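Visitor: This is the content of final_11.csv (CSV, C-alpha atoms and all ligand atoms):
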chain,number,residue,atom,x,y,z
A,1,MET,CA,-14.3,-8.8,46.4
A,2,THR,CA,-17.2,-8.6,43.9
A,3,ALA,CA,-19.7,-8.4,46.7
A,4,GLU,CA,-17.9,-5.4,48.1
A,5,ILE,CA,-18.1,-3.6,44.8
A,6,TRP,CA,-21.9,-4.2,44.6
A,7,ASP,CA,-22.2,-3.2,48.3
A,8,ASN,CA,-20.6,0.2,47.4
A,9,VAL,CA,-23.2,1.0,44.8
A,10,ALA,CA,-26.2,-0.7,46.4
A,11,ASP,CA,-28.0,2.5,47.2
A,12,GLU,CA,-27.4,4.3,43.9
A,13,VAL,CA,-28.3,1.8,41.2
A,14,ASN,CA,-31.7,1.0,39.7
A,15,PHE,CA,-31.4,-2.1,37.5
A,16,ASN,CA,-33.5,-2.2,34.3
A,17,LEU,CA,-32.8,-5.4,32.3
A,18,LYS,CA,-36.0,-7.2,31.5
A,19,ILE,CA,-36.9,-10.9,31.9
A,20,ASP,CA,-39.2,-12.5,29.4
A,21,ARG,CA,-42.3,-12.2,31.5
A,22,GLU,CA,-44.8,-13.5,29.1
A,23,ARG,CA,-43.0,-16.8,28.5
A,24,PHE,CA,-42.0,-17.1,32.2
A,25,PHE,CA,-45.7,-16.8,33.2
A,26,ALA,CA,-46.8,-19.4,30.6
A,27,LEU,CA,-44.1,-21.9,31.5
A,28,ILE,CA,-43.9,-21.6,35.2
A,29,GLU,CA,-46.9,-22.1,37.5
A,30,ARG,CA,-47.7,-19.4,40.1
A,31,GLN,CA,-47.3,-22.0,42.9
A,32,ALA,CA,-43.8,-22.9,41.7
A,33,GLU,CA,-40.8,-22.7,44.1
A,34,VAL,CA,-38.7,-19.9,42.3
A,35,LEU,CA,-35.2,-18.9,43.1
A,36,ASP,CA,-34.1,-15.3,42.1
A,37,PHE,CA,-30.3,-15.9,41.8
A,38,GLY,CA,-28.3,-12.7,42.2
A,39,CYS,CA,-31.5,-10.9,43.2
A,40,GLY,CA,-29.7,-7.6,44.1
A,41,TYR,CA,-32.3,-5.5,46.0
A,42,GLY,CA,-35.1,-7.8,44.9
A,43,ARG,CA,-36.5,-6.1,41.8
A,44,ILE,CA,-37.3,-9.3,39.9
A,45,SER,CA,-38.5,-11.1,43.1
A,46,ASN,CA,-40.9,-8.3,43.6
A,47,GLU,CA,-42.1,-8.3,40.0
A,48,LEU,CA,-42.8,-12.0,40.2
A,49,ALA,CA,-44.5,-11.7,43.6
A,50,ALA,CA,-46.7,-8.9,42.3
A,51,CYS,CA,-47.7,-11.1,39.4
A,52,GLY,CA,-49.0,-13.9,41.7
A,53,TYR,CA,-45.9,-16.0,42.4
A,54,THR,CA,-46.4,-17.3,45.9
A,55,SER,CA,-43.0,-18.8,46.7
A,56,VAL,CA,-40.1,-16.7,45.5
A,57,THR,CA,-36.7,-16.6,47.3
A,58,GLY,CA,-34.1,-14.1,46.4
A,59,ILE,CA,-30.4,-14.6,47.2
A,60,ASP,CA,-27.4,-12.3,46.7
A,61,PRO,CA,-23.8,-12.1,48.0
A,62,SER,CA,-24.1,-8.3,48.5
A,63,SER,CA,-25.4,-7.7,52.1
A,64,ALA,CA,-26.0,-4.0,51.2
A,65,MET,CA,-28.3,-5.0,48.3
A,66,ILE,CA,-30.2,-7.4,50.5
A,67,GLU,CA,-30.5,-4.7,53.2
A,68,ARG,CA,-31.9,-2.3,50.7
A,69,GLY,CA,-34.3,-4.9,49.3
A,70,ARG,CA,-35.7,-5.8,52.8
A,71,LYS,CA,-36.5,-2.1,53.3
A,72,MET,CA,-38.0,-1.6,49.9
A,73,PHE,CA,-40.0,-4.8,49.8
A,74,PRO,CA,-40.5,-6.0,53.4
A,75,GLY,CA,-42.8,-8.9,52.3
A,76,LEU,CA,-40.1,-10.6,50.2
A,77,SER,CA,-37.9,-13.5,51.2
A,78,LEU,CA,-34.4,-12.1,50.5
A,79,MET,CA,-31.2,-13.9,51.7
A,80,HIS,CA,-27.6,-13.1,51.8
A,81,HIS,CA,-25.0,-15.7,51.0
A,82,SER,CA,-21.3,-15.8,50.3
A,83,THR,CA,-20.2,-16.9,46.9
A,84,LYS,CA,-17.4,-18.9,48.5
A,85,ALA,CA,-20.0,-21.3,49.9
A,86,GLU,CA,-22.5,-23.6,48.2
A,87,LEU,CA,-26.0,-22.2,47.9
A,88,PRO,CA,-27.8,-23.0,51.2
A,89,PHE,CA,-30.4,-25.2,49.6
A,90,ALA,CA,-30.7,-29.0,49.1
A,91,ASP,CA,-30.5,-30.5,45.7
A,92,GLY,CA,-33.6,-30.1,43.6
A,93,SER,CA,-35.2,-27.5,45.8
A,94,PHE,CA,-36.6,-25.2,43.1
A,95,ASP,CA,-39.0,-25.6,40.1
A,96,ALA,CA,-37.5,-22.6,38.5
A,97,VAL,CA,-34.4,-20.3,38.8
A,98,VAL,CA,-34.2,-16.9,37.3
A,99,ALA,CA,-30.9,-15.0,36.8
A,100,CYS,CA,-31.2,-11.5,35.4
A,101,ALA,CA,-28.0,-9.5,34.7
A,102,VAL,CA,-26.0,-11.6,37.2
A,103,LEU,CA,-23.5,-13.6,35.1
A,104,THR,CA,-22.7,-10.5,33.1
A,105,GLY,CA,-21.1,-9.1,36.3
A,106,ILE,CA,-19.0,-12.3,36.8
A,107,PRO,CA,-16.2,-12.0,34.2
A,108,SER,CA,-14.3,-15.1,35.4
A,109,SER,CA,-15.2,-18.2,33.3
A,110,GLY,CA,-14.4,-20.4,36.4
A,111,GLU,CA,-16.8,-18.5,38.7
A,112,ARG,CA,-19.5,-18.4,36.0
A,113,THR,CA,-19.3,-22.2,35.6
A,114,GLN,CA,-19.4,-22.7,39.4
A,115,ALA,CA,-22.5,-20.5,39.6
A,116,VAL,CA,-24.2,-22.3,36.8
A,117,ALA,CA,-23.4,-25.7,38.4
A,118,GLU,CA,-24.9,-24.6,41.7
A,119,ILE,CA,-28.1,-23.4,39.8
A,120,ALA,CA,-28.3,-26.9,38.2
A,121,ARG,CA,-27.9,-28.6,41.6
A,122,VAL,CA,-30.7,-26.7,43.4
A,123,LEU,CA,-33.0,-26.9,40.4
A,124,LYS,CA,-35.3,-29.9,40.2
A,125,PRO,CA,-34.8,-32.3,37.3
A,126,GLY,CA,-36.8,-30.9,34.5
A,127,GLY,CA,-37.0,-27.5,36.2
A,128,PHE,CA,-36.6,-24.3,34.2
A,129,PHE,CA,-33.7,-21.8,34.3
A,130,HIS,CA,-34.6,-18.4,32.8
A,131,ILE,CA,-31.6,-16.3,32.0
A,132,ALA,CA,-31.5,-12.6,30.8
A,133,GLU,CA,-28.0,-11.3,30.3
A,134,PHE,CA,-26.2,-8.6,28.3
A,135,CYS,CA,-24.9,-9.9,25.0
A,136,SER,CA,-22.3,-8.8,22.4
A,137,GLU,CA,-21.4,-10.8,19.4
A,138,ALA,CA,-17.8,-9.8,19.6
A,139,GLY,CA,-17.6,-10.4,23.3
A,140,ARG,CA,-16.5,-7.5,25.6
A,141,VAL,CA,-14.8,-7.2,29.0
A,142,PHE,CA,-14.7,-3.8,30.6
A,143,LYS,CA,-15.5,-1.8,33.7
A,144,SER,CA,-18.9,-0.1,33.9
A,145,GLY,CA,-19.3,3.6,34.8
A,146,LEU,CA,-19.7,2.5,38.4
A,147,GLY,CA,-16.4,0.6,38.2
A,148,ILE,CA,-18.0,-2.9,38.1
A,149,PRO,CA,-16.2,-5.5,36.0
A,150,MET,CA,-18.5,-6.7,33.2
A,151,ARG,CA,-18.3,-9.3,30.6
A,152,TYR,CA,-20.7,-9.2,27.7
A,153,SER,CA,-20.7,-12.6,26.0
A,154,SER,CA,-21.8,-13.6,22.6
A,155,ALA,CA,-24.9,-15.8,22.2
A,156,ASP,CA,-22.6,-18.8,21.5
A,157,GLU,CA,-20.6,-18.2,24.7
A,158,TRP,CA,-23.8,-18.0,26.7
A,159,ARG,CA,-25.1,-21.2,25.1
A,160,ASP,CA,-21.8,-22.9,25.8
A,161,LEU,CA,-22.0,-22.0,29.5
A,162,PHE,CA,-25.5,-23.7,29.7
A,163,LYS,CA,-24.6,-26.7,27.7
A,164,THR,CA,-25.5,-29.2,30.5
A,165,PHE,CA,-29.1,-27.9,30.2
A,166,HIS,CA,-31.6,-28.4,27.4
A,167,CYS,CA,-32.4,-25.2,25.5
A,168,CYS,CA,-36.2,-24.7,25.1
A,169,HIS,CA,-36.1,-21.1,23.8
A,170,GLU,CA,-33.6,-18.4,23.2
A,171,GLU,CA,-33.6,-14.9,21.6
A,172,VAL,CA,-31.4,-11.8,21.4
A,173,VAL,CA,-33.4,-8.6,21.9
A,174,GLY,CA,-32.6,-5.0,22.1
A,175,THR,CA,-32.2,-3.3,25.5
A,176,THR,CA,-30.6,-0.4,27.1
A,177,THR,CA,-28.1,-0.1,30.0
A,178,MET,CA,-28.9,1.8,33.2
A,179,SER,CA,-27.4,4.9,31.5
A,180,GLY,CA,-29.6,4.5,28.5
A,181,LYS,CA,-27.0,3.1,26.0
A,182,PRO,CA,-28.5,0.7,23.4
A,183,GLU,CA,-27.3,-2.9,23.9
A,184,SER,CA,-28.5,-6.4,23.3
A,185,SER,CA,-29.8,-9.0,25.7
A,186,TYR,CA,-29.6,-12.8,25.5
A,187,ARG,CA,-32.7,-14.3,27.0
A,188,ALA,CA,-33.4,-18.0,27.2
A,189,PHE,CA,-35.2,-20.8,28.9
A,190,TYR,CA,-33.2,-23.8,29.7
A,191,LYS,CA,-34.5,-27.1,31.2
A,192,ASN,CA,-32.5,-29.0,33.8
A,193,GLN,CA,-31.5,-32.3,32.2
A,194,LEU,CA,-32.4,-35.5,34.1
A,195,THR,CA,-29.5,-37.6,35.3
A,196,ARG,CA,-30.5,-41.3,35.4
A,197,GLN,CA,-30.8,-41.3,39.2
A,198,ARG,CA,-32.7,-38.0,39.3
A,199,ALA,CA,-35.0,-39.2,36.4
A,200,GLN,CA,-36.0,-42.1,38.5
A,201,GLN,CA,-36.8,-39.8,41.4
A,202,ALA,CA,-38.8,-37.6,39.1
A,203,HIS,CA,-40.8,-40.5,37.9
A,204,ASP,CA,-41.4,-41.7,41.5
A,205,CYS,CA,-42.6,-38.3,42.4
A,206,SER,CA,-44.8,-37.9,39.4
A,207,VAL,CA,-47.2,-40.7,40.5
A,208,MET,CA,-47.6,-39.1,43.9
A,209,PRO,CA,-49.9,-36.1,44.5
A,210,SER,CA,-48.4,-33.2,42.6
A,211,GLY,CA,-47.6,-29.7,43.7
A,212,GLY,CA,-45.2,-27.8,46.1
A,213,LYS,CA,-45.9,-26.7,49.6
A,214,ASN,CA,-48.3,-24.0,48.4
A,215,ALA,CA,-50.1,-25.9,45.7
A,216,THR,CA,-53.8,-25.9,45.9
A,217,PRO,CA,-55.5,-29.3,45.5
A,218,SER,CA,-56.6,-29.8,41.9
A,219,PHE,CA,-58.9,-32.3,40.2
A,220,SER,CA,-55.9,-34.1,38.7
A,221,SER,CA,-54.0,-34.3,42.0
A,222,ALA,CA,-57.2,-35.7,43.6
A,223,VAL,CA,-57.3,-38.3,40.9
A,224,ASN,CA,-53.7,-39.1,41.6
A,225,ARG,CA,-54.3,-39.5,45.3
A,226,SER,CA,-57.0,-42.2,44.7
A,227,GLY,CA,-56.1,-45.8,44.0
A,228,PHE,CA,-57.3,-45.0,40.5
A,229,GLY,CA,-54.4,-42.4,40.3
A,230,VAL,CA,-51.6,-44.7,39.2
A,231,GLY,CA,-53.8,-46.1,36.4
A,232,ALA,CA,-54.8,-42.6,35.3
A,233,TYR,CA,-51.2,-41.5,35.4
A,234,PHE,CA,-50.3,-44.5,33.1
A,235,ALA,CA,-53.2,-43.7,30.8
A,236,ASP,CA,-52.3,-40.1,30.8
A,237,THR,CA,-48.6,-40.3,30.0
A,238,ARG,CA,-47.2,-43.8,29.4
A,239,LEU,CA,-49.9,-45.3,27.3
A,240,PRO,CA,-50.1,-42.5,24.7
A,241,ALA,CA,-46.3,-42.8,24.2
A,242,MET,CA,-46.8,-46.6,23.6
A,243,LEU,CA,-49.8,-46.3,21.4
A,244,ALA,CA,-48.4,-43.5,19.2
A,245,GLU,CA,-47.1,-44.5,15.8
A,246,ASP,CA,-43.8,-43.3,14.5
A,247,LEU,CA,-44.7,-41.4,11.3
A,248,PRO,CA,-42.5,-39.9,8.5
A,249,GLN,CA,-41.3,-36.4,9.3
A,250,ALA,CA,-43.9,-33.7,8.4
A,251,GLU,CA,-42.9,-30.9,6.0
A,252,ALA,CA,-45.7,-28.7,7.1
A,253,VAL,CA,-48.8,-28.6,9.4
A,254,LEU,CA,-52.2,-27.5,8.3
A,255,VAL,CA,-55.0,-26.6,10.7
A,256,ILE,CA,-58.5,-26.0,9.3
A,257,LYS,CA,-60.5,-24.5,12.2
A,258,GLY,CA,-63.9,-25.0,10.6
A,259,GLU,CA,-63.2,-28.7,10.1
A,260,ARG,CA,-61.7,-29.0,13.6
A,261,LYS,CA,-58.8,-30.9,12.0
A,262,LEU,CA,-55.0,-30.7,12.1
A,263,TYR,CA,-53.2,-32.4,9.2
A,264,LEU,CA,-49.6,-33.4,8.7
A,265,LEU,CA,-48.3,-32.7,5.2
A,266,ARG,CA,-45.5,-34.3,3.2
A,267,ASP,CA,-44.8,-33.8,-0.5
A,268,GLY,CA,-47.8,-31.4,-0.4
A,269,GLU,CA,-50.1,-34.3,0.6
A,270,ARG,CA,-52.1,-34.6,3.8
A,271,TYR,CA,-50.9,-38.0,5.3
A,272,ARG,CA,-52.4,-37.8,8.8
A,273,ALA,CA,-55.4,-36.0,10.3
A,274,TYR,CA,-56.3,-35.4,13.9
A,275,PRO,CA,-59.4,-33.9,15.5
A,276,ILE,CA,-58.7,-30.7,17.4
A,277,ALA,CA,-60.4,-28.5,20.1
A,278,LEU,CA,-60.0,-24.7,20.0
A,279,GLY,CA,-60.7,-21.7,22.3
A,280,GLY,CA,-63.9,-20.4,23.6
A,281,ASP,CA,-64.3,-17.9,20.7
A,282,PRO,CA,-63.0,-20.0,17.8
A,283,SER,CA,-64.1,-17.9,14.7
A,284,GLY,CA,-61.8,-15.2,13.3
A,285,HIS,CA,-58.1,-14.3,13.6
A,286,LYS,CA,-56.7,-13.7,17.1
A,287,GLN,CA,-56.8,-9.9,17.8
A,288,GLN,CA,-55.6,-9.5,21.4
A,289,GLU,CA,-54.7,-11.1,24.7
A,290,GLY,CA,-57.5,-13.0,26.3
A,291,ASP,CA,-59.9,-13.1,23.3
A,292,GLN,CA,-59.9,-16.9,23.3
A,293,ARG,CA,-59.2,-17.0,19.6
A,294,THR,CA,-56.8,-19.0,17.6
A,295,PRO,CA,-54.7,-17.0,15.0
A,296,GLU,CA,-55.2,-17.6,11.3
A,297,GLY,CA,-52.3,-17.4,8.8
A,298,ASP,CA,-48.8,-18.7,8.2
A,299,TYR,CA,-46.6,-19.2,11.2
A,300,VAL,CA,-43.8,-21.5,12.3
A,301,LEU,CA,-43.7,-24.2,15.1
A,302,ASP,CA,-40.5,-22.7,16.5
A,303,TRP,CA,-39.9,-24.2,20.0
A,304,ARG,CA,-41.3,-26.9,22.2
A,305,ASN,CA,-42.0,-27.6,25.8
A,306,PRO,CA,-41.8,-31.3,26.9
A,307,SER,CA,-43.3,-30.6,30.4
A,308,SER,CA,-45.9,-27.9,30.1
A,309,ALA,CA,-49.2,-28.0,32.0
A,310,PHE,CA,-50.5,-29.9,29.0
A,311,HIS,CA,-49.2,-33.1,27.5
A,312,LEU,CA,-46.2,-31.9,25.3
A,313,SER,CA,-46.6,-28.6,23.5
A,314,LEU,CA,-45.3,-27.0,20.3
A,315,HIS,CA,-45.2,-23.2,20.1
A,316,VAL,CA,-46.9,-21.3,17.2
A,317,SER,CA,-44.8,-18.2,16.3
A,318,TYR,CA,-47.8,-15.8,16.8
A,319,PRO,CA,-47.6,-12.8,17.1
A,320,ASN,CA,-45.7,-11.8,14.0
A,321,GLU,CA,-44.8,-8.2,13.1
A,322,ASP,CA,-48.3,-7.6,11.5
A,323,ASP,CA,-50.1,-9.0,14.5
A,324,ARG,CA,-48.0,-6.8,16.8
A,325,ALA,CA,-48.6,-3.7,14.7
A,326,ARG,CA,-52.4,-4.3,14.5
A,327,ALA,CA,-52.6,-4.8,18.2
A,328,GLU,CA,-50.4,-1.7,18.9
A,329,ALA,CA,-52.7,0.4,16.6
A,330,ARG,CA,-55.6,-0.6,18.8
A,331,GLY,CA,-53.7,0.0,22.0
A,332,VAL,CA,-53.9,-3.7,23.1
A,333,SER,CA,-51.5,-6.6,23.7
A,334,PRO,CA,-51.6,-9.2,20.9
A,335,GLY,CA,-51.3,-12.0,23.5
A,336,GLY,CA,-49.2,-15.0,22.6
A,337,MET,CA,-48.2,-18.5,23.9
A,338,ILE,CA,-50.4,-20.2,21.3
A,339,MET,CA,-49.4,-23.8,21.4
A,340,VAL,CA,-50.4,-27.1,19.8
A,341,HIS,CA,-50.7,-29.4,22.8
A,342,GLY,CA,-52.3,-32.5,24.3
A,343,GLN,CA,-54.6,-32.7,27.3
A,344,ARG,CA,-54.2,-30.9,30.6
A,345,ASN,CA,-51.9,-33.1,32.8
A,346,GLY,CA,-53.9,-35.5,34.8
A,347,LEU,CA,-56.9,-35.4,32.3
A,348,GLY,CA,-55.3,-37.2,29.4
A,349,TRP,CA,-57.4,-40.3,30.0
A,350,LEU,CA,-60.5,-38.2,29.3
A,351,GLY,CA,-59.0,-36.9,26.0
A,352,SER,CA,-61.5,-38.2,23.5
A,353,LEU,CA,-64.4,-36.9,25.6
A,354,LEU,CA,-62.9,-33.5,26.1
A,355,GLN,CA,-62.2,-33.1,22.4
A,356,ARG,CA,-65.9,-32.6,21.9
A,357,TRP,CA,-65.8,-29.1,23.3
A,358,ASP,CA,-63.7,-26.0,22.5
A,359,TRP,CA,-62.0,-25.8,25.9
A,360,THR,CA,-58.6,-24.1,25.3
A,361,ASP,CA,-57.8,-20.4,25.6
A,362,GLY,CA,-56.9,-20.2,21.9
A,363,CYS,CA,-54.4,-23.1,21.7
A,364,ILE,CA,-54.9,-26.1,19.4
A,365,ALA,CA,-55.6,-29.2,21.5
A,366,VAL,CA,-55.3,-32.9,20.4
A,367,THR,CA,-55.5,-36.1,22.4
A,368,ASN,CA,-52.3,-37.3,24.1
A,369,VAL,CA,-51.7,-40.1,21.6
A,370,ALA,CA,-52.1,-37.6,18.7
A,371,MET,CA,-49.7,-35.2,20.5
A,372,GLU,CA,-47.1,-37.9,20.9
A,373,GLU,CA,-47.2,-38.6,17.1
A,374,ILE,CA,-47.1,-34.9,16.2
A,375,TRP,CA,-44.3,-34.3,18.7
A,376,ARG,CA,-42.1,-36.9,17.0
A,377,ALA,CA,-43.0,-36.1,13.4
A,378,VAL,CA,-42.8,-32.3,13.6
A,379,PRO,CA,-39.4,-30.8,14.2
A,380,ASN,CA,-38.8,-27.2,15.4
A,381,GLY,CA,-39.0,-24.8,12.5
A,382,THR,CA,-41.9,-26.6,10.7
A,383,PRO,CA,-44.3,-24.2,9.0
A,384,ILE,CA,-47.9,-24.2,10.2
A,385,ARG,CA,-50.8,-22.7,8.2
A,386,ILE,CA,-54.0,-22.1,10.2
A,387,GLU,CA,-57.1,-21.6,8.0
A,388,PRO,CA,-60.6,-20.5,9.0
B,401,LIG,C1,-26.8,-6.2,37.9
B,401,LIG,S1,-27.3,-6.8,39.5
B,401,LIG,C2,-28.8,-7.6,39.1
B,401,LIG,C3,-29.8,-7.8,40.2
B,401,LIG,C4,-31.1,-8.4,39.9
B,401,LIG,N1,-31.0,-9.7,39.3
B,401,LIG,C5,-31.9,-7.5,39.0
B,401,LIG,O1,-31.9,-7.7,37.8
B,401,LIG,O2,-32.5,-6.5,39.5
B,401,LIG,C6,-26.2,-8.2,39.7
B,401,LIG,C7,-26.3,-8.8,41.1
B,401,LIG,O3,-25.5,-10.1,41.0
B,401,LIG,C8,-24.9,-10.3,42.3
B,401,LIG,N2,-23.8,-11.2,42.1
B,401,LIG,C9,-22.5,-10.9,41.8
B,401,LIG,N3,-21.8,-12.1,41.8
B,401,LIG,C10,-22.6,-13.1,42.1
B,401,LIG,C11,-22.4,-14.5,42.2
B,401,LIG,N4,-21.3,-15.1,42.1
B,401,LIG,N5,-23.5,-15.2,42.6
B,401,LIG,C12,-24.7,-14.6,42.7
B,401,LIG,N6,-24.9,-13.3,42.6
B,401,LIG,C13,-23.9,-12.5,42.3
B,401,LIG,C14,-24.5,-8.9,42.7
B,401,LIG,O4,-24.3,-8.8,44.1
B,401,LIG,C15,-25.7,-8.0,42.2
B,401,LIG,O5,-26.6,-7.8,43.2
Please go through the file and, once you have read it, give me the structure as structure tokens.
Ligand SMILES: C[S@@+](CC[C@H](N)C(=O)[O-])C[C@H]1O[C@@H](n2cnc3c(N)ncnc32)[C@H](O)[C@@H]1O
Guide:
Amino acid sequence: MTAEIWDNVADEVNFNLKIDRERFFALIERQAEVLDFGCGYGRISNELAACGYTSVTGIDPSSAMIERGRKMFPGLSLMHHSTKAELPFADGSFDAVVACAVLTGIPSSGERTQAVAEIARVLKPGGFFHIAEFCSEAGRVFKSGLGIPMRYSSADEWRDLFKTFHCCHEEVVGTTTMSGKPESSYRAFYKNQLTRQRAQQAHDCSVMPSGGKNATPSFSSAVNRSGFGVGAYFADTRLPAMLAEDLPQAEAVLVIKGERKLYLLRDGERYRAYPIALGGDPSGHKQQEGDQRTPEGDYVLDWRNPSSAFHLSLHVSYPNEDDRARAEARGVSPGGMIMVHGQRNGLGWLGSLLQRWDWTDGCIAVTNVAMEEIWRAVPNGTPIRIEP
């Protein structure tokens, strides 16, 4: 029934809800296997492909949407499927799933839950689910101007729907409908939780050469392919976790760039210090995307990523309003995704050596053992001050 309604409007709609591109690009590698769930005519698939994603599959129950998408974007992989059947993919097929404005158009709680369960099934353990949906604190069920049943959920309702996942980041941002009416959008990144059986599979896979079918060989995967690889994997991930000490919880983090040090603070005292590496142009406050600088000032460590391309990472809340305004006045992007993180995956065993250079793009890098300690001692919401 729903598919027929979407079929009827397939040639007259132009969807406009935005995904969180910046965070998506930072969290999900370009070679990742990505599923665009409820792809419509392939707008988001096309956006991702245009930004370098090499393996994006779009799927939608409306055959007219898929037909339009195949004409508009002949290079994309767009598939039709019936909502009555399971998704035509094996368990754990995708590194990431994106759903933009899809669940809003499924008012039934049962159908929503079924759709989310299918997403969890086809997503790898530890894979990311990026959601961008319309949101209304009071909750609203209505028919759109085109006669499509809609349900705008509150942030709490959305959260509840994704409760089997682990939330890595969420926000409510302003948006507009296709007719220009101001509304809110709930955007979030959820991580697929590991079941015990799947965790074992994930572990078994992680000591094998990494990468999907389109992955290019990297130094770290070459290391993993050698007999040395298992030892390097152990030194990279397991050993730091074993060597790290459990410290008292930090009340604040202080980074002094000139000293190349990160301190944990409690009762106003520095109780732990770690050497750090910075970006290629370490002096001065970050001004714009790509300048290789680390911001200076007061921020918050607001969310974390347990499986980034670097060993564990904590996000610094740059850019703030002032940073954005300054960049806007100069007509540039302020950049973002500044993290405190460990070593690049696969290179952790070289950590102490690599820490002698400023090798990041503006992030604050520590050894993997240090990162394990910081990860455990610093909860989300901890203030961080970065001084010159
Ligand atoms: C508002 S459109 C969004 C399309 C696309 N994600 C975008 O943002 O451009 C919603 C799409 O969800 C699809 N859809 C509806 N029910 C669905 C379901 N149960 N599973 C997957 N997709 C569904 C519709 O066919 C429609 O193409």
Visitor: Residues within 9 Å of ligand LIG 401 (chain B) should be enumerated using all atoms listed in the file and returned as an mmCIF file with C-alpha atoms, keeping the file's coordinate frame.
Guide:
data_model
loop_
_atom_site.group_PDB
_atom_site.id
_atom_site.type_symbol
_atom_site.label_atom_id
_atom_site.label_comp_id
_atom_site.auth_asym_id
_atom_site.auth_seq_id
_atom_site.Cartn_x
_atom_site.Cartn_y
_atom_site.Cartn_z
ATOM 1 C CA THR A 2 -17.200 -8.600 43.900
ATOM 2 C CA ALA A 3 -19.700 -8.400 46.700
ATOM 3 C CA GLU A 4 -17.900 -5.400 48.100
ATOM 4 C CA ILE A 5 -18.100 -3.600 44.800
ATOM 5 C CA TRP A 6 -21.900 -4.200 44.600
ATOM 6 C CA ASP A 7 -22.200 -3.200 48.300
ATOM 7 C CA ALA A 10 -26.200 -0.700 46.400
ATOM 8 C CA VAL A 13 -28.300 1.800 41.200
ATOM 9 C CA ASN A 14 -31.700 1.000 39.700
ATOM 10 C CA PHE A 15 -31.400 -2.100 37.500
ATOM 11 C CA ASN A 16 -33.500 -2.200 34.300
ATOM 12 C CA LEU A 17 -32.800 -5.400 32.300
ATOM 13 C CA LYS A 18 -36.000 -7.200 31.500
ATOM 14 C CA ILE A 19 -36.900 -10.900 31.900
ATOM 15 C CA ASP A 36 -34.100 -15.300 42.100
ATOM 16 C CA PHE A 37 -30.300 -15.900 41.800
ATOM 17 C CA GLY A 38 -28.300 -12.700 42.200
ATOM 18 C CA CYS A 39 -31.500 -10.900 43.200
ATOM 19 C CA GLY A 40 -29.700 -7.600 44.100
ATOM 20 C CA TYR A 41 -32.300 -5.500 46.000
ATOM 21 C CA GLY A 42 -35.100 -7.800 44.900
ATOM 22 C CA ARG A 43 -36.500 -6.100 41.800
ATOM 23 C CA ILE A 44 -37.300 -9.300 39.900
ATOM 24 C CA SER A 45 -38.500 -11.100 43.100
ATOM 25 C CA GLY A 58 -34.100 -14.100 46.400
ATOM 26 C CA ILE A 59 -30.400 -14.600 47.200
ATOM 27 C CA ASP A 60 -27.400 -12.300 46.700
ATOM 28 C CA PRO A 61 -23.800 -12.100 48.000
ATOM 29 C CA SER A 62 -24.100 -8.300 48.500
ATOM 30 C CA SER A 63 -25.400 -7.700 52.100
ATOM 31 C CA ALA A 64 -26.000 -4.000 51.200
ATOM 32 C CA MET A 65 -28.300 -5.000 48.300
ATOM 33 C CA ILE A 66 -30.200 -7.400 50.500
ATOM 34 C CA HIS A 81 -25.000 -15.700 51.000
ATOM 35 C CA SER A 82 -21.300 -15.800 50.300
ATOM 36 C CA THR A 83 -20.200 -16.900 46.900
ATOM 37 C CA LYS A 84 -17.400 -18.900 48.500
ATOM 38 C CA VAL A 98 -34.200 -16.900 37.300
ATOM 39 C CA ALA A 99 -30.900 -15.000 36.800
ATOM 40 C CA CYS A 100 -31.200 -11.500 35.400
ATOM 41 C CA ALA A 101 -28.000 -9.500 34.700
ATOM 42 C CA VAL A 102 -26.000 -11.600 37.200
ATOM 43 C CA LEU A 103 -23.500 -13.600 35.100
ATOM 44 C CA THR A 104 -22.700 -10.500 33.100
ATOM 45 C CA GLY A 105 -21.100 -9.100 36.300
ATOM 46 C CA ILE A 106 -19.000 -12.300 36.800
ATOM 47 C CA GLU A 111 -16.800 -18.500 38.700
ATOM 48 C CA ARG A 112 -19.500 -18.400 36.000
ATOM 49 C CA GLN A 114 -19.400 -22.700 39.400
ATOM 50 C CA ALA A 115 -22.500 -20.500 39.600
ATOM 51 C CA ALA A 132 -31.500 -12.600 30.800
#
Visitor: With 8 Å as the threshold, what does the neighbourhood of (-57.9, -31.5, 14.9) contain in terms of residues, counting all atoms listed in the file? Coordinates are those of the file; answer as a ChimeraX atom specification.
Guide: /A:255-257,259-263,273-277,364-366
Visitor: Give me the residues near region 133-142 of chain A as a VMD selection string, where near means some atom within 9 Å (using all atoms listed in the file) and where sequence neighbours in that chain fewer than 6 positions away do not count.
Guide: chain A and resid 17 99 to 104 107 148 to 158 172 175 177 183 to 187
Visitor: Have a look at CA of Gly75 (chain A) and CA of Leu35 (chain A) and let me know their distance in Å, one decimal.
Guide: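 Separating CA of Gly75 (chain A) from CA of Leu35 (chain A) is a distance of 15.6 Å.
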Visitor: At what distance in Å, to one decimal, does CA of Leu239 (chain A) lie from CA of Leu312 (chain A)?
Guide: 14.0 Å
Visitor: Using all atoms listed in the file, find the one residue out of A:Ala120, A:Pro334, A:Pro388, A:Glu251 that sits nearest to Asp291 (chain A).
Guide: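 Closest to Asp291 (chain A) of all the choices is A:Pro334.
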Visitor: Report, in Å with one decimal, the straight-line distance from CA of Leu254 (chain A) to CA of Arg376 (chain A).
Guide: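 Pair CA of Leu254 (chain A) / CA of Arg376 (chain A) returns 16.3 Å.
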Visitor: Show me as a ChimeraX atom specification the residues that reach within 12 Å of (-45.3, -20.0, 37.3), counting all atoms listed in the file and using the file's own coordinates.
Guide: /A:21-35,48-49,51-56,94-98,127-128,130,211-212,215,308-309
